[in-house]
Amino acid sequence: MSVRSLFFALSITGFSLAAQASDLTIGYITGIDPTKLAQAEGRYEEAIGEKIDWLYF
């Protein structure tokens, strides 16, 4: 996992813990970005332990 992916996952975790939200929705755009692989493989969801609803802009 790249440093960028790890930072993103940790920031999501921090946001999730602070908000205590039951549903988590994250907006994204398409492009060539290494974070898309982690998104497609579900790594972010594994990192925070809950489902993420990805919203395409």
# chains A, B, ... in the order shown; residues from 1 in each chain; ligands from 1

$ residues_around --residues "segment 50-56 of chain A" --least-positions-apart "5" --cutoff "6 Å" --atoms "only C-alpha atoms" --output "PDB file with N, CA and C atoms, in the first residue's frame"
ATOM      1  N   LEU A  24     -21.523   6.008   5.714  1.00  0.00           N
ATOM      2  CA  LEU A  24     -20.396   6.806   5.257  1.00  0.00           C
ATOM      3  C   LEU A  24     -20.435   6.862   3.743  1.00  0.00           C
ATOM      4  N   THR A  25     -20.545   8.070   3.194  1.00  0.00           N
ATOM      5  CA  THR A  25     -20.551   8.269   1.753  1.00  0.00           C
ATOM      6  C   THR A  25     -19.368   9.150   1.393  1.00  0.00           C
ATOM      7  N   ILE A  26     -18.610   8.716   0.394  1.00  0.00           N
ATOM      8  CA  ILE A  26     -17.444   9.473  -0.058  1.00  0.00           C
ATOM      9  C   ILE A  26     -17.597   9.714  -1.549  1.00  0.00           C
ATOM     10  N   GLY A  27     -17.447  10.966  -1.973  1.00  0.00           N
ATOM     11  CA  GLY A  27     -17.508  11.315  -3.387  1.00  0.00           C
ATOM     12  C   GLY A  27     -16.151  11.164  -4.033  1.00  0.00           C
ATOM     13  N   TYR A  28     -16.139  10.788  -5.310  1.00  0.00           N
ATOM     14  CA  TYR A  28     -14.890  10.636  -6.042  1.00  0.00           C
ATOM     15  C   TYR A  28     -15.096  11.000  -7.502  1.00  0.00           C
ATOM     16  N   ILE A  29     -13.995  11.253  -8.186  1.00  0.00           N
ATOM     17  CA  ILE A  29     -14.016  11.490  -9.621  1.00  0.00           C
ATOM     18  C   ILE A  29     -13.098  10.462 -10.269  1.00  0.00           C
ATOM     19  N   GLU A  45     -12.613   0.035   3.174  1.00  0.00           N
ATOM     20  CA  GLU A  45     -13.672  -0.547   4.003  1.00  0.00           C
ATOM     21  C   GLU A  45     -13.077  -1.503   5.040  1.00  0.00           C
TER      22      GLU A  45
END
